[in-house]
file input.cif (mmCIF, C-alpha atoms)
data_my_file
loop_
_atom_site.group_PDB
_atom_site.id
_atom_site.type_symbol
_atom_site.label_atom_id
_atom_site.label_comp_id
_atom_site.auth_asym_id
_atom_site.auth_seq_id
_atom_site.Cartn_x
_atom_site.Cartn_y
_atom_site.Cartn_z
ATOM 1 C CA MET A 1249 18.310 -26.920 6.654
ATOM 2 C CA LYS A 1250 16.522 -23.597 7.215
ATOM 3 C CA LYS A 1251 13.031 -23.283 5.776
ATOM 4 C CA ILE A 1252 12.680 -20.439 3.280
ATOM 5 C CA MET A 1253 9.824 -18.063 4.066
ATOM 6 C CA VAL A 1254 7.700 -16.969 1.126
ATOM 7 C CA VAL A 1255 6.150 -13.482 1.128
ATOM 8 C CA PHE A 1256 2.652 -13.140 -0.330
ATOM 9 C CA THR A 1257 0.408 -10.262 -1.407
ATOM 10 C CA PHE A 1258 -3.292 -10.799 -2.064
ATOM 11 C CA VAL A 1259 -5.321 -8.713 -4.523
ATOM 12 C CA VAL A 1260 -9.120 -8.892 -4.349
ATOM 13 C CA CYS A 1261 -11.050 -7.718 -7.410
ATOM 14 C CA VAL A 1262 -14.534 -8.926 -6.526
ATOM 15 C CA GLU A 1263 -17.227 -7.626 -4.194
ATOM 16 C CA PRO A 1264 -18.052 -9.286 -0.869
ATOM 17 C CA TYR A 1265 -19.976 -12.558 -0.855
ATOM 18 C CA LYS A 1266 -19.402 -13.161 -4.586
ATOM 19 C CA PHE A 1267 -17.647 -16.431 -5.437
ATOM 20 C CA GLU A 1268 -16.571 -16.781 -1.773
ATOM 21 C CA ALA A 1269 -13.340 -14.976 -2.680
ATOM 22 C CA VAL A 1270 -12.811 -13.430 0.755
ATOM 23 C CA ASP A 1271 -13.614 -16.712 2.490
ATOM 24 C CA THR A 1272 -10.990 -18.409 0.333
ATOM 25 C CA LEU A 1273 -8.495 -15.622 1.008
ATOM 26 C CA LEU A 1274 -8.971 -15.942 4.779
ATOM 27 C CA ASN A 1275 -8.694 -19.737 4.756
ATOM 28 C CA LEU A 1276 -5.648 -19.697 2.467
ATOM 29 C CA GLY A 1277 -4.112 -16.895 4.516
ATOM 30 C CA GLU A 1278 -4.412 -18.883 7.742
ATOM 31 C CA ALA A 1279 -2.766 -21.891 6.065
ATOM 32 C CA ILE A 1280 0.072 -19.740 4.662
ATOM 33 C CA ILE A 1281 0.791 -18.218 8.061
ATOM 34 C CA LYS A 1282 0.564 -21.600 9.793
ATOM 35 C CA LYS A 1283 3.314 -22.852 7.444
ATOM 36 C CA GLY A 1284 5.543 -19.978 8.578
ATOM 37 C CA HIS A 1285 5.178 -17.725 5.555
ATOM 38 C CA GLN A 1286 4.231 -14.041 5.521
ATOM 39 C CA ILE A 1287 1.372 -12.068 4.007
ATOM 40 C CA LEU A 1288 2.579 -8.550 3.355
ATOM 41 C CA GLY A 1289 -0.818 -7.117 2.530
ATOM 42 C CA ILE A 1290 -4.282 -7.396 1.055
ATOM 43 C CA PHE A 1291 -5.160 -4.907 -1.693
ATOM 44 C CA PHE A 1292 -8.716 -4.321 -2.909
ATOM 45 C CA TYR A 1293 -9.231 -3.181 -6.487
ATOM 46 C CA GLY A 1294 -12.280 -2.542 -8.662
ATOM 47 C CA SER A 1295 -15.536 -3.662 -7.069
ATOM 48 C CA GLY A 1296 -13.367 -5.391 -4.472
ATOM 49 C CA VAL A 1297 -13.110 -2.087 -2.591
ATOM 50 C CA TYR A 1298 -16.588 -2.740 -1.170
ATOM 51 C CA ASN A 1299 -14.975 -5.392 1.047
ATOM 52 C CA ILE A 1300 -13.506 -2.727 3.350
ATOM 53 C CA ASN A 1301 -16.956 -1.345 4.215
ATOM 54 C CA LYS A 1302 -17.499 -2.297 7.873
ATOM 55 C CA ASP A 1303 -21.149 -1.228 7.647
ATOM 56 C CA ILE A 1304 -22.281 -3.902 5.175
ATOM 57 C CA ASN A 1305 -25.678 -5.143 6.344
ATOM 58 C CA VAL A 1306 -25.098 -8.870 6.675
ATOM 59 C CA GLY A 1307 -28.176 -9.707 8.708
ATOM 60 C CA SER A 1308 -28.186 -12.386 11.353
ATOM 61 C CA SER A 1309 -27.849 -15.412 9.070
ATOM 62 C CA MET A 1310 -24.759 -14.376 7.051
ATOM 63 C CA ARG A 1311 -21.114 -14.580 8.037
ATOM 64 C CA ASN A 1312 -19.671 -11.142 8.777
ATOM 65 C CA LEU A 1313 -16.798 -10.882 6.287
ATOM 66 C CA PRO A 1314 -15.776 -7.316 7.212
ATOM 67 C CA LYS A 1315 -15.415 -8.387 10.854
ATOM 68 C CA ARG A 1316 -13.476 -11.526 9.859
ATOM 69 C CA LEU A 1317 -11.139 -9.405 7.700
ATOM 70 C CA GLU A 1318 -10.599 -6.946 10.540
ATOM 71 C CA GLU A 1319 -9.752 -9.735 12.979
ATOM 72 C CA PHE A 1320 -7.446 -11.447 10.458
ATOM 73 C CA ILE A 1321 -5.343 -8.341 9.736
ATOM 74 C CA ASN A 1322 -5.143 -7.419 13.423
ATOM 75 C CA VAL A 1323 -4.160 -10.875 14.663
ATOM 76 C CA HIS A 1324 -1.486 -11.310 11.973
ATOM 77 C CA THR A 1325 -0.419 -7.652 11.492
ATOM 78 C CA ILE A 1326 -1.215 -7.537 7.783
ATOM 79 C CA GLY A 1327 -1.612 -4.391 5.698
ATOM 80 C CA LEU A 1328 -5.061 -3.694 4.240
ATOM 81 C CA SER A 1329 -5.388 -1.183 1.410
ATOM 82 C CA ALA A 1330 -7.892 -0.263 -1.261
ATOM 83 C CA CYS A 1331 -7.385 1.514 -4.572
ATOM 84 C CA SER A 1332 -7.964 5.243 -4.064
ATOM 85 C CA THR A 1333 -9.380 5.712 -7.568
ATOM 86 C CA TRP A 1334 -11.977 2.989 -7.044
ATOM 87 C CA ILE A 1335 -12.783 4.346 -3.568
ATOM 88 C CA ASN A 1336 -13.567 7.677 -5.234
ATOM 89 C CA PHE A 1337 -15.673 5.983 -7.945
ATOM 90 C CA THR A 1338 -17.772 4.173 -5.342
ATOM 91 C CA GLY A 1339 -18.164 7.105 -2.971
ATOM 92 C CA LEU A 1340 -16.978 5.100 0.040
ATOM 93 C CA LYS A 1341 -15.843 7.330 2.892
ATOM 94 C CA ASN A 1342 -13.030 6.710 5.388
ATOM 95 C CA GLU A 1343 -15.575 6.562 8.206
ATOM 96 C CA VAL A 1344 -16.941 3.230 6.919
ATOM 97 C CA PHE A 1345 -13.544 1.570 6.404
ATOM 98 C CA ILE A 1346 -12.642 -1.487 8.440
ATOM 99 C CA PRO A 1347 -10.298 -0.244 11.205
ATOM 100 C CA GLY A 1348 -6.763 -0.522 9.861
ATOM 101 C CA ALA A 1349 -7.767 -0.152 6.203
ATOM 102 C CA CYS A 1350 -6.529 2.748 4.103
ATOM 103 C CA GLN A 1351 -6.696 3.910 0.526
ATOM 104 C CA VAL A 1352 -3.594 4.074 -1.650
ATOM 105 C CA GLY A 1353 -2.803 4.374 -5.319
ATOM 106 C CA LEU A 1354 -1.557 1.595 -7.530
ATOM 107 C CA GLY A 1355 1.973 2.633 -6.590
ATOM 108 C CA GLY A 1356 1.325 1.182 -3.131
ATOM 109 C CA LEU A 1357 0.276 -2.102 -4.693
ATOM 110 C CA SER A 1358 3.340 -2.140 -6.937
ATOM 111 C CA GLU A 1359 5.590 -1.695 -3.880
ATOM 112 C CA TRP A 1360 3.971 -4.688 -2.169
ATOM 113 C CA MET A 1361 4.289 -6.720 -5.377
ATOM 114 C CA ALA A 1362 7.984 -5.862 -5.670
ATOM 115 C CA GLN A 1363 8.570 -7.068 -2.094
ATOM 116 C CA SER A 1364 6.544 -10.274 -2.556
ATOM 117 C CA ASP A 1365 7.547 -13.659 -3.871
ATOM 118 C CA ARG A 1366 3.959 -14.508 -4.818
ATOM 119 C CA VAL A 1367 0.928 -12.380 -5.700
ATOM 120 C CA ILE A 1368 -2.461 -14.077 -5.671
ATOM 121 C CA PHE A 1369 -5.502 -12.495 -7.326
ATOM 122 C CA PHE A 1370 -9.083 -13.220 -6.274
ATOM 123 C CA GLY A 1371 -11.766 -12.368 -8.820
ATOM 124 C CA ALA A 1372 -11.872 -11.599 -12.498
ATOM 125 C CA GLY A 1373 -10.648 -8.015 -12.403
ATOM 126 C CA GLY A 1374 -11.769 -4.460 -11.878
#

call {"tool": "encode", "arguments": {"input": "input.cif", "output": "structure tokens"}}
result
Amino acid sequence: MKKIMVVFTFVVCVEPYKFEAVDTLLNLGEAIIKKGHQILGIFFYGSGVYNINKDINVGSSMRNLPKRLEEFINVHTIGLSACSTWINFTGLKNEVFIPGACQVGLGGLSEWMAQSDRVIFFGAGG
């Protein structure tokens, strides 16, 4: 019997290092892929858009979540987008985005959701 692949989209609505949301996303994502499923994309909304800032000063004692995210999306060819409205609210510029990240409207998220079997949210909301 052929195993059915499940397609996932992740939505992150919380800033980096809060509640270990991105750590959980990365660990869950690795497990999902290991089981043969697909992650279509990761969408950042609300204060979650700060996660795409590659220039976060993490110091020498903290794990580098932007770098881990960059490696994860590159190794597994996963889309990485952030809400354009929230990017404008925060003043983040394209120059500080993790390589491979882009800003899109909620229409982009709705397309991913329509193509996904499961959508998992991390954080309380925008």

call {"tool": "resolve_selection", "arguments": {"input": "input.cif", "expression": "the PyMOL selection byres ((chain A and resi 1334) around 12)", "output": "number ranges by chain"}}
result
A: 1261, 1291-1298, 1300, 1329-1333, 1335-1341, 1351-1354, 1374

call {"tool": "resolve_selection", "arguments": {"input": "input.cif", "expression": "the PyMOL selection byres ((chain A and resi 1252-1256) around 9)", "output": "list of chain:residue names"}}
result
A:Lys1250, A:Lys1251, A:Thr1257, A:Phe1258, A:Ile1280, A:Lys1283, A:Gly1284, A:His1285, A:Gln1286, A:Ile1287, A:Leu1288, A:Gly1289, A:Trp1360, A:Met1361, A:Gln1363, A:Ser1364, A:Asp1365, A:Arg1366, A:Val1367, A:Ile1368

call {"tool": "atom_distance", "arguments": {"input": "input.cif", "atom1": "CA of Leu1276 in chain A", "atom2": "CA of Val1323 in chain A"}}
result
15.1 Å

call {"tool": "resolve_selection", "arguments": {"input": "input.cif", "expression": "the PyMOL selection byres ((chain A and resi 1318-1321) around 9)", "output": "compact mmCIF listing (two decimals) with C-alpha atoms, in the frame of the given file"}}
result
# COMPACT_ATOMS: atom_id res chain seq x y z
CA LEU A 1274 -8.97 -15.94 4.78
CA GLY A 1277 -4.11 -16.90 4.52
CA GLU A 1278 -4.41 -18.88 7.74
CA GLY A 1289 -0.82 -7.12 2.53
CA ILE A 1290 -4.28 -7.40 1.06
CA ILE A 1300 -13.51 -2.73 3.35
CA LYS A 1302 -17.50 -2.30 7.87
CA LEU A 1313 -16.80 -10.88 6.29
CA PRO A 1314 -15.78 -7.32 7.21
CA LYS A 1315 -15.42 -8.39 10.85
CA ARG A 1316 -13.48 -11.53 9.86
CA LEU A 1317 -11.14 -9.40 7.70
CA ASN A 1322 -5.14 -7.42 13.42
CA VAL A 1323 -4.16 -10.88 14.66
CA HIS A 1324 -1.49 -11.31 11.97
CA THR A 1325 -0.42 -7.65 11.49
CA ILE A 1326 -1.22 -7.54 7.78
CA GLY A 1327 -1.61 -4.39 5.70
CA LEU A 1328 -5.06 -3.69 4.24
CA ILE A 1346 -12.64 -1.49 8.44
CA PRO A 1347 -10.30 -0.24 11.20
CA GLY A 1348 -6.76 -0.52 9.86
CA ALA A 1349 -7.77 -0.15 6.20

call {"tool": "atom_distance", "arguments": {"input": "input.cif", "atom1": "CA of Val1344 in chain A", "atom2": "CA of Ile1281 in chain A"}}
result
27.9 Å

call {"tool": "atom_distance", "arguments": {"input": "input.cif", "atom1": "CA of Phe1370 in chain A", "atom2": "CA of Leu1273 in chain A"}}
result
7.7 Å

call {"tool": "decode", "arguments": {"input": "input.cif", "residues": "range 1339-1364 of chain A", "atoms": "N, CA and C atoms", "output": "compact mmCIF listing (two decimals), in the first residue's frame"}}
result
# COMPACT_ATOMS: atom_id res chain seq x y z
N GLY A 1339 8.96 48.24 9.72
CA GLY A 1339 10.05 48.96 9.09
C GLY A 1339 11.20 48.07 8.63
N LEU A 1340 11.01 46.75 8.68
CA LEU A 1340 12.05 45.85 8.18
C LEU A 1340 12.27 46.09 6.69
N LYS A 1341 13.51 46.04 6.28
CA LYS A 1341 13.87 46.23 4.87
C LYS A 1341 14.33 44.92 4.26
N ASN A 1342 14.17 44.78 2.96
CA ASN A 1342 14.57 43.56 2.25
C ASN A 1342 16.02 43.19 2.49
N GLU A 1343 16.87 44.18 2.70
CA GLU A 1343 18.30 43.92 2.88
C GLU A 1343 18.59 43.07 4.12
N VAL A 1344 17.70 43.07 5.10
CA VAL A 1344 17.95 42.30 6.33
C VAL A 1344 17.23 40.96 6.34
N PHE A 1345 16.51 40.64 5.26
CA PHE A 1345 15.78 39.37 5.20
C PHE A 1345 16.76 38.21 5.11
N ILE A 1346 16.40 37.10 5.73
CA ILE A 1346 17.11 35.85 5.51
C ILE A 1346 17.11 35.57 4.01
N PRO A 1347 18.25 35.18 3.42
CA PRO A 1347 18.25 34.84 1.99
C PRO A 1347 17.17 33.80 1.68
N GLY A 1348 16.36 34.10 0.68
CA GLY A 1348 15.27 33.20 0.30
C GLY A 1348 13.92 33.66 0.82
N ALA A 1349 13.92 34.59 1.78
CA ALA A 1349 12.65 35.09 2.33
C ALA A 1349 12.12 36.22 1.45
N CYS A 1350 10.79 36.33 1.42
CA CYS A 1350 10.17 37.41 0.66
C CYS A 1350 8.92 37.87 1.41
N GLN A 1351 8.42 39.01 1.01
CA GLN A 1351 7.18 39.49 1.61
C GLN A 1351 6.03 39.33 0.62
N VAL A 1352 4.91 38.86 1.13
CA VAL A 1352 3.71 38.67 0.31
C VAL A 1352 2.50 39.09 1.13
N GLY A 1353 1.40 39.28 0.46
CA GLY A 1353 0.15 39.59 1.15
C GLY A 1353 -0.50 38.33 1.68
N LEU A 1354 -1.62 38.51 2.33
CA LEU A 1354 -2.34 37.35 2.87
C LEU A 1354 -2.87 36.44 1.77
N GLY A 1355 -2.97 36.95 0.55
CA GLY A 1355 -3.37 36.11 -0.56
C GLY A 1355 -2.37 34.99 -0.80
N GLY A 1356 -1.09 35.29 -0.61
CA GLY A 1356 -0.05 34.26 -0.73
C GLY A 1356 -0.22 33.17 0.30
N LEU A 1357 -0.54 33.58 1.53
CA LEU A 1357 -0.80 32.60 2.59
C LEU A 1357 -2.02 31.77 2.25
N SER A 1358 -3.07 32.41 1.76
CA SER A 1358 -4.30 31.66 1.46
C SER A 1358 -4.07 30.64 0.35
N GLU A 1359 -3.18 30.95 -0.61
CA GLU A 1359 -2.85 29.97 -1.65
C GLU A 1359 -2.15 28.76 -1.05
N TRP A 1360 -1.18 28.99 -0.16
CA TRP A 1360 -0.50 27.88 0.50
C TRP A 1360 -1.50 27.05 1.30
N MET A 1361 -2.40 27.73 2.02
CA MET A 1361 -3.38 27.02 2.84
C MET A 1361 -4.29 26.15 1.98
N ALA A 1362 -4.67 26.67 0.82
CA ALA A 1362 -5.55 25.91 -0.08
C ALA A 1362 -4.86 24.66 -0.62
N GLN A 1363 -3.54 24.71 -0.76
CA GLN A 1363 -2.78 23.58 -1.29
C GLN A 1363 -2.31 22.61 -0.20
N SER A 1364 -2.56 22.96 1.06
CA SER A 1364 -2.07 22.16 2.19
C SER A 1364 -3.17 21.30 2.77
